[in-house]
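One file, data.txt, carrying compact mmCIF, N, CA and C atoms:
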```
# COMPACT_ATOMS: atom_id res chain seq x y z
N GLN A 1457 -18.80 7.21 6.51
CA GLN A 1457 -17.36 7.03 6.69
C GLN A 1457 -17.10 5.65 7.29
N VAL A 1458 -16.15 4.94 6.71
CA VAL A 1458 -15.77 3.62 7.22
C VAL A 1458 -14.31 3.68 7.65
N GLN A 1459 -14.04 3.25 8.83
CA GLN A 1459 -12.65 3.18 9.31
C GLN A 1459 -12.20 1.73 9.33
N LEU A 1460 -10.95 1.53 8.90
CA LEU A 1460 -10.39 0.19 8.81
C LEU A 1460 -9.08 0.14 9.59
N VAL A 1461 -8.91 -0.92 10.35
CA VAL A 1461 -7.69 -1.10 11.13
C VAL A 1461 -7.12 -2.48 10.85
N GLU A 1462 -5.93 -2.51 10.23
CA GLU A 1462 -5.27 -3.78 9.94
C GLU A 1462 -4.40 -4.21 11.12
N SER A 1463 -4.22 -5.51 11.23
CA SER A 1463 -3.32 -6.07 12.24
C SER A 1463 -2.84 -7.44 11.77
N GLY A 1464 -1.84 -7.95 12.47
CA GLY A 1464 -1.36 -9.30 12.16
C GLY A 1464 -0.04 -9.35 11.41
N GLY A 1465 0.48 -8.21 11.01
CA GLY A 1465 1.75 -8.20 10.31
C GLY A 1465 2.90 -8.49 11.26
N GLY A 1466 4.08 -8.69 10.69
CA GLY A 1466 5.25 -8.95 11.51
C GLY A 1466 6.35 -9.60 10.71
N LEU A 1467 7.32 -10.12 11.41
CA LEU A 1467 8.47 -10.79 10.79
C LEU A 1467 8.23 -12.30 10.79
N VAL A 1468 8.40 -12.91 9.63
CA VAL A 1468 8.20 -14.36 9.51
C VAL A 1468 9.28 -14.92 8.60
N GLN A 1469 9.66 -16.16 8.84
CA GLN A 1469 10.68 -16.80 8.00
C GLN A 1469 10.06 -17.29 6.69
N PRO A 1470 10.86 -17.39 5.65
CA PRO A 1470 10.35 -17.98 4.40
C PRO A 1470 9.73 -19.34 4.64
N GLY A 1471 8.58 -19.56 4.01
CA GLY A 1471 7.84 -20.80 4.20
C GLY A 1471 6.82 -20.73 5.32
N GLY A 1472 6.87 -19.68 6.11
CA GLY A 1472 5.95 -19.53 7.23
C GLY A 1472 4.59 -18.99 6.82
N SER A 1473 3.75 -18.75 7.83
CA SER A 1473 2.39 -18.28 7.61
C SER A 1473 2.07 -17.09 8.51
N LEU A 1474 1.16 -16.26 8.05
CA LEU A 1474 0.60 -15.17 8.83
C LEU A 1474 -0.86 -15.01 8.44
N ARG A 1475 -1.66 -14.50 9.39
CA ARG A 1475 -3.02 -14.14 9.06
C ARG A 1475 -3.21 -12.66 9.38
N LEU A 1476 -3.54 -11.90 8.36
CA LEU A 1476 -3.84 -10.48 8.54
C LEU A 1476 -5.33 -10.31 8.80
N SER A 1477 -5.64 -9.32 9.64
CA SER A 1477 -7.03 -8.99 9.93
C SER A 1477 -7.28 -7.52 9.61
N CYS A 1478 -8.49 -7.22 9.19
CA CYS A 1478 -8.89 -5.85 8.91
C CYS A 1478 -10.26 -5.64 9.55
N ALA A 1479 -10.27 -4.90 10.65
CA ALA A 1479 -11.52 -4.64 11.37
C ALA A 1479 -12.17 -3.37 10.82
N ALA A 1480 -13.43 -3.49 10.43
CA ALA A 1480 -14.16 -2.36 9.86
C ALA A 1480 -15.12 -1.77 10.89
N SER A 1481 -15.32 -0.44 10.78
CA SER A 1481 -16.22 0.23 11.73
C SER A 1481 -17.67 0.05 11.34
N GLY A 1482 -17.92 -0.41 10.11
CA GLY A 1482 -19.29 -0.64 9.68
C GLY A 1482 -19.49 -2.07 9.21
N SER A 1483 -20.71 -2.39 8.87
CA SER A 1483 -21.02 -3.75 8.42
C SER A 1483 -20.38 -4.04 7.08
N ILE A 1484 -19.61 -5.13 7.02
CA ILE A 1484 -18.97 -5.48 5.76
C ILE A 1484 -19.94 -6.17 4.82
N SER A 1485 -21.09 -6.58 5.33
CA SER A 1485 -22.06 -7.28 4.48
C SER A 1485 -22.66 -6.35 3.43
N VAL A 1486 -22.54 -5.03 3.63
CA VAL A 1486 -23.10 -4.09 2.65
C VAL A 1486 -22.03 -3.56 1.71
N MET A 1487 -20.80 -3.99 1.90
CA MET A 1487 -19.72 -3.52 1.04
C MET A 1487 -19.79 -4.22 -0.32
N SER A 1488 -19.54 -3.48 -1.38
CA SER A 1488 -19.58 -4.09 -2.71
C SER A 1488 -18.30 -4.85 -3.02
N SER A 1489 -17.24 -4.53 -2.32
CA SER A 1489 -16.02 -5.32 -2.46
C SER A 1489 -15.15 -5.18 -1.21
N LEU A 1490 -14.38 -6.22 -0.96
CA LEU A 1490 -13.41 -6.27 0.14
C LEU A 1490 -12.09 -6.71 -0.47
N ALA A 1491 -11.02 -6.00 -0.17
CA ALA A 1491 -9.76 -6.31 -0.87
C ALA A 1491 -8.54 -6.08 0.01
N TRP A 1492 -7.48 -6.78 -0.35
CA TRP A 1492 -6.15 -6.55 0.22
C TRP A 1492 -5.22 -6.13 -0.92
N TYR A 1493 -4.45 -5.08 -0.67
CA TYR A 1493 -3.41 -4.62 -1.56
C TYR A 1493 -2.08 -4.67 -0.80
N ARG A 1494 -1.00 -4.56 -1.54
CA ARG A 1494 0.31 -4.45 -0.90
C ARG A 1494 1.21 -3.53 -1.70
N GLN A 1495 2.17 -2.97 -0.98
CA GLN A 1495 3.15 -2.09 -1.62
C GLN A 1495 4.52 -2.41 -1.07
N ALA A 1496 5.37 -2.92 -1.94
CA ALA A 1496 6.75 -3.22 -1.56
C ALA A 1496 7.60 -1.98 -1.75
N PRO A 1497 8.75 -1.90 -1.07
CA PRO A 1497 9.61 -0.72 -1.20
C PRO A 1497 9.98 -0.46 -2.65
N GLY A 1498 9.77 0.78 -3.09
CA GLY A 1498 10.14 1.16 -4.44
C GLY A 1498 9.21 0.68 -5.52
N LYS A 1499 8.08 0.07 -5.13
CA LYS A 1499 7.15 -0.45 -6.13
C LYS A 1499 5.77 0.17 -5.95
N GLN A 1500 4.95 0.02 -6.99
CA GLN A 1500 3.59 0.53 -6.91
C GLN A 1500 2.72 -0.41 -6.09
N ARG A 1501 1.66 0.16 -5.54
CA ARG A 1501 0.70 -0.65 -4.81
C ARG A 1501 0.00 -1.59 -5.79
N GLU A 1502 -0.18 -2.84 -5.36
CA GLU A 1502 -0.81 -3.82 -6.25
C GLU A 1502 -1.91 -4.59 -5.53
N LEU A 1503 -2.88 -5.04 -6.29
CA LEU A 1503 -3.96 -5.85 -5.74
C LEU A 1503 -3.45 -7.25 -5.43
N VAL A 1504 -3.77 -7.72 -4.24
CA VAL A 1504 -3.39 -9.07 -3.83
C VAL A 1504 -4.58 -10.02 -3.96
N ALA A 1505 -5.72 -9.59 -3.40
CA ALA A 1505 -6.91 -10.45 -3.42
C ALA A 1505 -8.14 -9.59 -3.21
N ILE A 1506 -9.26 -10.03 -3.78
CA ILE A 1506 -10.49 -9.26 -3.67
C ILE A 1506 -11.69 -10.18 -3.64
N ILE A 1507 -12.68 -9.81 -2.82
CA ILE A 1507 -14.00 -10.45 -2.81
C ILE A 1507 -14.99 -9.44 -3.35
N ILE A 1508 -15.68 -9.85 -4.40
CA ILE A 1508 -16.71 -8.99 -4.99
C ILE A 1508 -18.05 -9.38 -4.41
N GLY A 1509 -18.96 -8.41 -4.26
CA GLY A 1509 -20.30 -8.69 -3.77
C GLY A 1509 -20.88 -9.88 -4.49
N GLY A 1510 -21.38 -10.86 -3.76
CA GLY A 1510 -21.82 -12.10 -4.37
C GLY A 1510 -20.87 -13.23 -4.05
N GLY A 1511 -19.68 -12.86 -3.58
CA GLY A 1511 -18.76 -13.87 -3.08
C GLY A 1511 -17.62 -14.28 -3.98
N GLY A 1512 -17.61 -13.80 -5.23
CA GLY A 1512 -16.52 -14.16 -6.11
C GLY A 1512 -15.20 -13.60 -5.65
N THR A 1513 -14.12 -14.38 -5.83
CA THR A 1513 -12.80 -13.94 -5.40
C THR A 1513 -11.83 -13.95 -6.57
N THR A 1514 -10.86 -13.05 -6.51
CA THR A 1514 -9.79 -12.98 -7.50
C THR A 1514 -8.48 -12.77 -6.76
N TYR A 1515 -7.44 -13.43 -7.25
CA TYR A 1515 -6.12 -13.33 -6.63
C TYR A 1515 -5.08 -12.92 -7.67
N ALA A 1516 -4.06 -12.22 -7.20
CA ALA A 1516 -2.91 -11.97 -8.05
C ALA A 1516 -2.25 -13.30 -8.37
N ASP A 1517 -1.72 -13.42 -9.57
CA ASP A 1517 -1.08 -14.68 -9.96
C ASP A 1517 0.03 -15.08 -8.99
N SER A 1518 0.72 -14.09 -8.45
CA SER A 1518 1.86 -14.37 -7.58
C SER A 1518 1.47 -14.99 -6.25
N VAL A 1519 0.19 -14.91 -5.87
CA VAL A 1519 -0.22 -15.45 -4.57
C VAL A 1519 -1.23 -16.58 -4.68
N LYS A 1520 -1.67 -16.91 -5.89
CA LYS A 1520 -2.65 -17.97 -6.07
C LYS A 1520 -2.15 -19.28 -5.47
N GLY A 1521 -3.04 -19.93 -4.72
CA GLY A 1521 -2.70 -21.19 -4.09
C GLY A 1521 -1.98 -21.04 -2.76
N ARG A 1522 -1.59 -19.82 -2.42
CA ARG A 1522 -0.89 -19.58 -1.14
C ARG A 1522 -1.69 -18.68 -0.20
N PHE A 1523 -2.42 -17.72 -0.76
CA PHE A 1523 -3.17 -16.76 0.06
C PHE A 1523 -4.67 -17.02 -0.10
N THR A 1524 -5.41 -16.73 0.97
CA THR A 1524 -6.86 -16.86 0.94
C THR A 1524 -7.49 -15.65 1.62
N ILE A 1525 -8.41 -15.00 0.91
CA ILE A 1525 -9.15 -13.87 1.48
C ILE A 1525 -10.51 -14.36 1.95
N SER A 1526 -10.96 -13.82 3.08
CA SER A 1526 -12.27 -14.20 3.60
C SER A 1526 -12.83 -13.06 4.43
N GLY A 1527 -14.12 -13.13 4.69
CA GLY A 1527 -14.77 -12.11 5.50
C GLY A 1527 -15.66 -12.74 6.54
N ASP A 1528 -15.73 -12.13 7.70
CA ASP A 1528 -16.60 -12.59 8.78
C ASP A 1528 -17.61 -11.47 9.05
N ASN A 1529 -18.84 -11.66 8.58
CA ASN A 1529 -19.85 -10.60 8.73
C ASN A 1529 -20.17 -10.33 10.19
N ALA A 1530 -20.14 -11.35 11.02
CA ALA A 1530 -20.48 -11.17 12.44
C ALA A 1530 -19.46 -10.29 13.15
N LYS A 1531 -18.21 -10.37 12.70
CA LYS A 1531 -17.15 -9.59 13.33
C LYS A 1531 -16.77 -8.36 12.51
N ASN A 1532 -17.41 -8.19 11.36
CA ASN A 1532 -17.06 -7.06 10.47
C ASN A 1532 -15.56 -7.01 10.21
N THR A 1533 -15.01 -8.16 9.90
CA THR A 1533 -13.56 -8.29 9.73
C THR A 1533 -13.25 -9.04 8.44
N VAL A 1534 -12.23 -8.56 7.75
CA VAL A 1534 -11.73 -9.20 6.54
C VAL A 1534 -10.36 -9.80 6.87
N TYR A 1535 -10.14 -11.01 6.40
CA TYR A 1535 -8.88 -11.70 6.70
C TYR A 1535 -8.10 -11.98 5.43
N LEU A 1536 -6.79 -12.12 5.59
CA LEU A 1536 -5.93 -12.61 4.53
C LEU A 1536 -5.02 -13.65 5.15
N GLN A 1537 -5.29 -14.91 4.84
CA GLN A 1537 -4.43 -15.99 5.30
C GLN A 1537 -3.31 -16.17 4.30
N MET A 1538 -2.08 -16.07 4.77
CA MET A 1538 -0.92 -16.14 3.89
C MET A 1538 -0.05 -17.32 4.30
N ASN A 1539 0.11 -18.27 3.40
CA ASN A 1539 0.92 -19.45 3.65
C ASN A 1539 2.09 -19.49 2.67
N SER A 1540 3.06 -20.32 2.99
CA SER A 1540 4.24 -20.51 2.13
C SER A 1540 4.83 -19.16 1.71
N LEU A 1541 5.04 -18.32 2.69
CA LEU A 1541 5.50 -16.96 2.40
C LEU A 1541 6.90 -16.96 1.81
N LYS A 1542 7.11 -15.99 0.91
CA LYS A 1542 8.39 -15.83 0.23
C LYS A 1542 8.93 -14.43 0.52
N SER A 1543 10.22 -14.26 0.29
CA SER A 1543 10.83 -12.95 0.56
C SER A 1543 10.15 -11.86 -0.28
N GLU A 1544 9.71 -12.22 -1.48
CA GLU A 1544 9.08 -11.23 -2.34
C GLU A 1544 7.67 -10.83 -1.88
N ASP A 1545 7.16 -11.47 -0.83
CA ASP A 1545 5.88 -11.05 -0.25
C ASP A 1545 6.08 -9.92 0.76
N THR A 1546 7.31 -9.57 1.03
CA THR A 1546 7.58 -8.46 1.95
C THR A 1546 6.99 -7.17 1.41
N ALA A 1547 6.15 -6.53 2.22
CA ALA A 1547 5.45 -5.32 1.79
C ALA A 1547 4.60 -4.80 2.94
N VAL A 1548 4.09 -3.60 2.74
CA VAL A 1548 3.02 -3.10 3.61
C VAL A 1548 1.70 -3.54 2.97
N TYR A 1549 0.87 -4.19 3.76
CA TYR A 1549 -0.41 -4.71 3.28
C TYR A 1549 -1.54 -3.80 3.74
N TYR A 1550 -2.40 -3.43 2.79
CA TYR A 1550 -3.50 -2.52 3.05
C TYR A 1550 -4.84 -3.20 2.77
N CYS A 1551 -5.78 -2.90 3.62
CA CYS A 1551 -7.15 -3.34 3.42
C CYS A 1551 -7.93 -2.21 2.73
N LYS A 1552 -8.79 -2.58 1.80
CA LYS A 1552 -9.64 -1.60 1.14
C LYS A 1552 -11.04 -2.17 1.00
N VAL A 1553 -12.04 -1.33 1.29
CA VAL A 1553 -13.43 -1.73 1.06
C VAL A 1553 -14.10 -0.66 0.22
N ARG A 1554 -15.14 -1.07 -0.50
CA ARG A 1554 -15.90 -0.12 -1.29
C ARG A 1554 -17.36 -0.17 -0.84
N ARG A 1555 -17.89 0.98 -0.50
CA ARG A 1555 -19.29 1.08 -0.10
C ARG A 1555 -19.92 2.25 -0.83
N TRP A 1556 -20.98 1.99 -1.52
CA TRP A 1556 -21.73 3.00 -2.26
C TRP A 1556 -20.81 3.81 -3.19
N GLY A 1557 -19.87 3.10 -3.83
CA GLY A 1557 -18.99 3.72 -4.81
C GLY A 1557 -17.80 4.46 -4.24
N ILE A 1558 -17.63 4.43 -2.93
CA ILE A 1558 -16.52 5.13 -2.29
C ILE A 1558 -15.55 4.10 -1.71
N ASP A 1559 -14.26 4.30 -1.98
CA ASP A 1559 -13.22 3.41 -1.46
C ASP A 1559 -12.69 3.93 -0.13
N TYR A 1560 -12.52 3.02 0.80
CA TYR A 1560 -11.94 3.34 2.11
C TYR A 1560 -10.72 2.44 2.32
N TRP A 1561 -9.65 3.07 2.82
CA TRP A 1561 -8.38 2.36 3.01
C TRP A 1561 -7.97 2.35 4.47
N GLY A 1562 -7.32 1.27 4.87
CA GLY A 1562 -6.65 1.26 6.16
C GLY A 1562 -5.27 1.85 6.04
N LYS A 1563 -4.56 1.93 7.17
CA LYS A 1563 -3.23 2.54 7.18
C LYS A 1563 -2.13 1.54 6.89
N GLY A 1564 -2.46 0.26 6.87
CA GLY A 1564 -1.50 -0.75 6.49
C GLY A 1564 -0.82 -1.44 7.65
N THR A 1565 -0.33 -2.65 7.36
CA THR A 1565 0.44 -3.41 8.33
C THR A 1565 1.63 -4.03 7.59
N LEU A 1566 2.80 -3.97 8.21
CA LEU A 1566 4.03 -4.39 7.55
C LEU A 1566 4.25 -5.89 7.73
N VAL A 1567 4.51 -6.55 6.61
CA VAL A 1567 4.89 -7.96 6.61
C VAL A 1567 6.31 -8.07 6.07
N THR A 1568 7.18 -8.67 6.87
CA THR A 1568 8.56 -8.87 6.46
C THR A 1568 8.88 -10.36 6.47
N VAL A 1569 9.27 -10.87 5.31
CA VAL A 1569 9.61 -12.29 5.19
C VAL A 1569 11.12 -12.39 5.02
N SER A 1570 11.76 -12.91 6.04
CA SER A 1570 13.23 -12.94 6.03
C SER A 1570 13.72 -13.99 7.02
N SER A 1571 14.86 -14.58 6.68
CA SER A 1571 15.48 -15.53 7.60
C SER A 1571 16.49 -14.83 8.49
```
Can the structure in the file be given as structure tokens, please?
Amino acid sequence: QVQLVESGGGLVQPGGSLRLSCAASGSISVMSSLAWYRQAPGKQRELVAIIIGGGGTTYADSVKGRFTISGDNAKNTVYLQMNSLKSEDTAVYYCKVRRWGIDYWGKGTLVTVSS
């Protein structure tokens, strides 16, 4: 069982930045993937960014060039650096990891982009 706790969400103005953190109860170095998803009100949950075992990364087209996903093995933490935020980035952001074919989700952190 892996437990994930997200933090770093909040209210930010358009054009601002936030860094989300996802602390894992186990070693992230053994995870086959590390990912951030988001769900906006009235919309389906969508993939934002993912690191696949081996280090390859993929981003949603809507966040390319603005968001960066990274992992710190020493701290067992996954980050999502979000720059140049837009109102359409408003959503609950969830961390997900996969270990031995099983997906584990955090409870989410709310990001609100508004002036």
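One distance worth recording is that between CA of Pro1497 (chain A) and CA of Val1553 (chain A), which is 23.2 Å.
In this comparison, which uses all atoms listed in the file, the residue of A:Met1487, A:Ser1540, A:Ser1526, A:Gly1557 approaching Leu1474 (chain A) most closely is A:Ser1540.
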Exercise: Ser1477 (chain A) partners within 6.5 Å, all atoms listed in the file, chain neighbours under 2 positions left out, as a ChimeraX atom specification = /A:1461-1465,1475,1479,1533-1536
Selection export as an mmCIF file, in the coordinates of the input, atoms kept: N, CA and C atoms:
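The resulting file, again_13.cif, is reproduced below:
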```
data_model
loop_
_atom_site.group_PDB
_atom_site.id
_atom_site.type_symbol
_atom_site.label_atom_id
_atom_site.label_comp_id
_atom_site.auth_asym_id
_atom_site.auth_seq_id
_atom_site.Cartn_x
_atom_site.Cartn_y
_atom_site.Cartn_z
ATOM 1 N N VAL A 1461 -8.910 -0.920 10.350
ATOM 2 C CA VAL A 1461 -7.690 -1.100 11.130
ATOM 3 C C VAL A 1461 -7.120 -2.480 10.850
ATOM 4 N N GLU A 1462 -5.930 -2.510 10.230
ATOM 5 C CA GLU A 1462 -5.270 -3.780 9.940
ATOM 6 C C GLU A 1462 -4.400 -4.210 11.120
ATOM 7 N N SER A 1463 -4.220 -5.510 11.230
ATOM 8 C CA SER A 1463 -3.320 -6.070 12.240
ATOM 9 C C SER A 1463 -2.840 -7.440 11.770
ATOM 10 N N GLY A 1464 -1.840 -7.950 12.470
ATOM 11 C CA GLY A 1464 -1.360 -9.300 12.160
ATOM 12 C C GLY A 1464 -0.040 -9.350 11.410
ATOM 13 N N GLY A 1465 0.480 -8.210 11.010
ATOM 14 C CA GLY A 1465 1.750 -8.200 10.310
ATOM 15 C C GLY A 1465 2.900 -8.490 11.260
ATOM 16 N N ARG A 1475 -1.660 -14.500 9.390
ATOM 17 C CA ARG A 1475 -3.020 -14.140 9.060
ATOM 18 C C ARG A 1475 -3.210 -12.660 9.380
ATOM 19 N N ALA A 1479 -10.270 -4.900 10.650
ATOM 20 C CA ALA A 1479 -11.520 -4.640 11.370
ATOM 21 C C ALA A 1479 -12.170 -3.370 10.820
ATOM 22 N N THR A 1533 -15.010 -8.160 9.900
ATOM 23 C CA THR A 1533 -13.560 -8.290 9.730
ATOM 24 C C THR A 1533 -13.250 -9.040 8.440
ATOM 25 N N VAL A 1534 -12.230 -8.560 7.750
ATOM 26 C CA VAL A 1534 -11.730 -9.200 6.540
ATOM 27 C C VAL A 1534 -10.360 -9.800 6.870
ATOM 28 N N TYR A 1535 -10.140 -11.010 6.400
ATOM 29 C CA TYR A 1535 -8.880 -11.700 6.700
ATOM 30 C C TYR A 1535 -8.100 -11.980 5.430
ATOM 31 N N LEU A 1536 -6.790 -12.120 5.590
ATOM 32 C CA LEU A 1536 -5.930 -12.610 4.530
ATOM 33 C C LEU A 1536 -5.020 -13.650 5.150
#
```
query = Which residue gives the smallest distance to Ala1491 (chain A) among A:Ser1518, A:Thr1524, A:Ser1571, A:Gln1457, with only C-alpha atoms counted?
reply =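 That would be A:Thr1524, the residue with the smallest distance to Ala1491 (chain A).
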message = So, with only C-alpha atoms as the atoms that count, which of A:Leu1476, A:Tyr1515, A:Ala1496, A:Ile1484 lies closest to Gln1459 (chain A)?
response =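 The closest residue to Gln1459 (chain A) is A:Ile1484.
If you measure from each of A:Tyr1550, A:Asn1539, A:Leu1566, A:Arg1494 to Leu1467 (chain A) using only N, CA and C atoms, the closest one turns out to be A:Leu1566.
Running DSSP on the backbone and keeping only helix (DSSP H, G or I), the residues of region 1457-1558 of chain A that qualify are Ile1484, Ser1485, Val1486, Ser1543, Glu1544 and Asp1545 of chain A.
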task = Determine, counting all atoms listed in the file, every residue of protein, DNA or RNA that lies within 8 Å of (-10.7, 1.1, 9.6) in the file coordinates, then give the result as a PyMOL selection string.
result = chain A and resi 1458-1462+1478-1482+1560-1563
Would you export the selected residues with N, CA and C atoms as a PDB file, keeping the file's coordinate frame, please?
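The resulting file, out_36.pdb, is shown below:
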```
ATOM      1  N   VAL A1458     -16.150   4.940   6.710  1.00  0.00           N
ATOM      2  CA  VAL A1458     -15.770   3.620   7.220  1.00  0.00           C
ATOM      3  C   VAL A1458     -14.310   3.680   7.650  1.00  0.00           C
ATOM      4  N   GLN A1459     -14.040   3.250   8.830  1.00  0.00           N
ATOM      5  CA  GLN A1459     -12.650   3.180   9.310  1.00  0.00           C
ATOM      6  C   GLN A1459     -12.200   1.730   9.330  1.00  0.00           C
ATOM      7  N   LEU A1460     -10.950   1.530   8.900  1.00  0.00           N
ATOM      8  CA  LEU A1460     -10.390   0.190   8.810  1.00  0.00           C
ATOM      9  C   LEU A1460      -9.080   0.140   9.590  1.00  0.00           C
ATOM     10  N   VAL A1461      -8.910  -0.920  10.350  1.00  0.00           N
ATOM     11  CA  VAL A1461      -7.690  -1.100  11.130  1.00  0.00           C
ATOM     12  C   VAL A1461      -7.120  -2.480  10.850  1.00  0.00           C
ATOM     13  N   GLU A1462      -5.930  -2.510  10.230  1.00  0.00           N
ATOM     14  CA  GLU A1462      -5.270  -3.780   9.940  1.00  0.00           C
ATOM     15  C   GLU A1462      -4.400  -4.210  11.120  1.00  0.00           C
ATOM     16  N   CYS A1478      -8.490  -7.220   9.190  1.00  0.00           N
ATOM     17  CA  CYS A1478      -8.890  -5.850   8.910  1.00  0.00           C
ATOM     18  C   CYS A1478     -10.260  -5.640   9.550  1.00  0.00           C
ATOM     19  N   ALA A1479     -10.270  -4.900  10.650  1.00  0.00           N
ATOM     20  CA  ALA A1479     -11.520  -4.640  11.370  1.00  0.00           C
ATOM     21  C   ALA A1479     -12.170  -3.370  10.820  1.00  0.00           C
ATOM     22  N   ALA A1480     -13.430  -3.490  10.430  1.00  0.00           N
ATOM     23  CA  ALA A1480     -14.160  -2.360   9.860  1.00  0.00           C
ATOM     24  C   ALA A1480     -15.120  -1.770  10.890  1.00  0.00           C
ATOM     25  N   SER A1481     -15.320  -0.440  10.780  1.00  0.00           N
ATOM     26  CA  SER A1481     -16.220   0.230  11.730  1.00  0.00           C
ATOM     27  C   SER A1481     -17.670   0.050  11.340  1.00  0.00           C
ATOM     28  N   GLY A1482     -17.920  -0.410  10.110  1.00  0.00           N
ATOM     29  CA  GLY A1482     -19.290  -0.640   9.680  1.00  0.00           C
ATOM     30  C   GLY A1482     -19.490  -2.070   9.210  1.00  0.00           C
ATOM     31  N   TYR A1560     -12.520   3.020   0.800  1.00  0.00           N
ATOM     32  CA  TYR A1560     -11.940   3.340   2.110  1.00  0.00           C
ATOM     33  C   TYR A1560     -10.720   2.440   2.320  1.00  0.00           C
ATOM     34  N   TRP A1561      -9.650   3.070   2.820  1.00  0.00           N
ATOM     35  CA  TRP A1561      -8.380   2.360   3.010  1.00  0.00           C
ATOM     36  C   TRP A1561      -7.970   2.350   4.470  1.00  0.00           C
ATOM     37  N   GLY A1562      -7.320   1.270   4.870  1.00  0.00           N
ATOM     38  CA  GLY A1562      -6.650   1.260   6.160  1.00  0.00           C
ATOM     39  C   GLY A1562      -5.270   1.850   6.040  1.00  0.00           C
ATOM     40  N   LYS A1563      -4.560   1.930   7.170  1.00  0.00           N
ATOM     41  CA  LYS A1563      -3.230   2.540   7.180  1.00  0.00           C
ATOM     42  C   LYS A1563      -2.130   1.540   6.890  1.00  0.00           C
TER      43      LYS A1563
END
```
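Between CA of Gly1511 (chain A) and CA of Gly1466 (chain A) the separation is 28.5 Å.
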ask   = Can you tell me how far CA of Lys1542 (chain A) sits from atom N of Lys1499 (chain A), in Å to one decimal?
value =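 CA of Lys1542 (chain A) sits 16.8 Å away from atom N of Lys1499 (chain A).
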key: Nearest-residue call for Phe1523 (chain A), choices A:Ser1473, A:Gln1500, A:Thr1565, A:Ser1485, using only C-alpha atoms   =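 So, comparing all the options, the nearest one is A:Ser1473.
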ask   = Got a sec to tell me which of region 1477-1527 of chain A DSSP assigns to strand (DSSP E), as a ChimeraX atom specification?
value = /A:1477-1480,1489-1495,1502-1508,1513-1515,1523-1527
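Those residues that approach Ile1508 (chain A) to within 7 Å, counting all atoms listed in the file, are Met1487, Ser1488, Ser1489, Leu1490 and Thr1514 of chain A; same-chain residues fewer than 6 positions away are not listed.
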query = When distances are computed from only C-alpha atoms, which of A:Thr1568, A:Gly1509, A:Val1504, A:Gly1471 shows the smallest separation from Arg1555 (chain A)?
reply = A:Gly1509
ask   = Contacts of Gln1469 (chain A) at 6 Å or less, counting only N, CA and C atoms, minus same-chain residues fewer than 6 places along, as number ranges by chain?
value = A: 1541, 1569-1571
request  = Could you give me, as number ranges by chain, the residues within 6 Å of Leu1503 (chain A), counting only N, CA and C atoms and dropping anything in the same chain fewer than 6 positions from it?
outcome  = A: 1492-1494, 1516
Please, could you write that set of residues out with N, CA and C atoms as an mmCIF file, in the frame of the given file?
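File out-v9.cif, as written:
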```
data_model
loop_
_atom_site.group_PDB
_atom_site.id
_atom_site.type_symbol
_atom_site.label_atom_id
_atom_site.label_comp_id
_atom_site.auth_asym_id
_atom_site.auth_seq_id
_atom_site.Cartn_x
_atom_site.Cartn_y
_atom_site.Cartn_z
ATOM 1 N N TRP A 1492 -7.480 -6.780 -0.350
ATOM 2 C CA TRP A 1492 -6.150 -6.550 0.220
ATOM 3 C C TRP A 1492 -5.220 -6.130 -0.920
ATOM 4 N N TYR A 1493 -4.450 -5.080 -0.670
ATOM 5 C CA TYR A 1493 -3.410 -4.620 -1.560
ATOM 6 C C TYR A 1493 -2.080 -4.670 -0.800
ATOM 7 N N ARG A 1494 -1.000 -4.560 -1.540
ATOM 8 C CA ARG A 1494 0.310 -4.450 -0.900
ATOM 9 C C ARG A 1494 1.210 -3.530 -1.700
ATOM 10 N N ALA A 1516 -4.060 -12.220 -7.200
ATOM 11 C CA ALA A 1516 -2.910 -11.970 -8.050
ATOM 12 C C ALA A 1516 -2.250 -13.300 -8.370
#
```
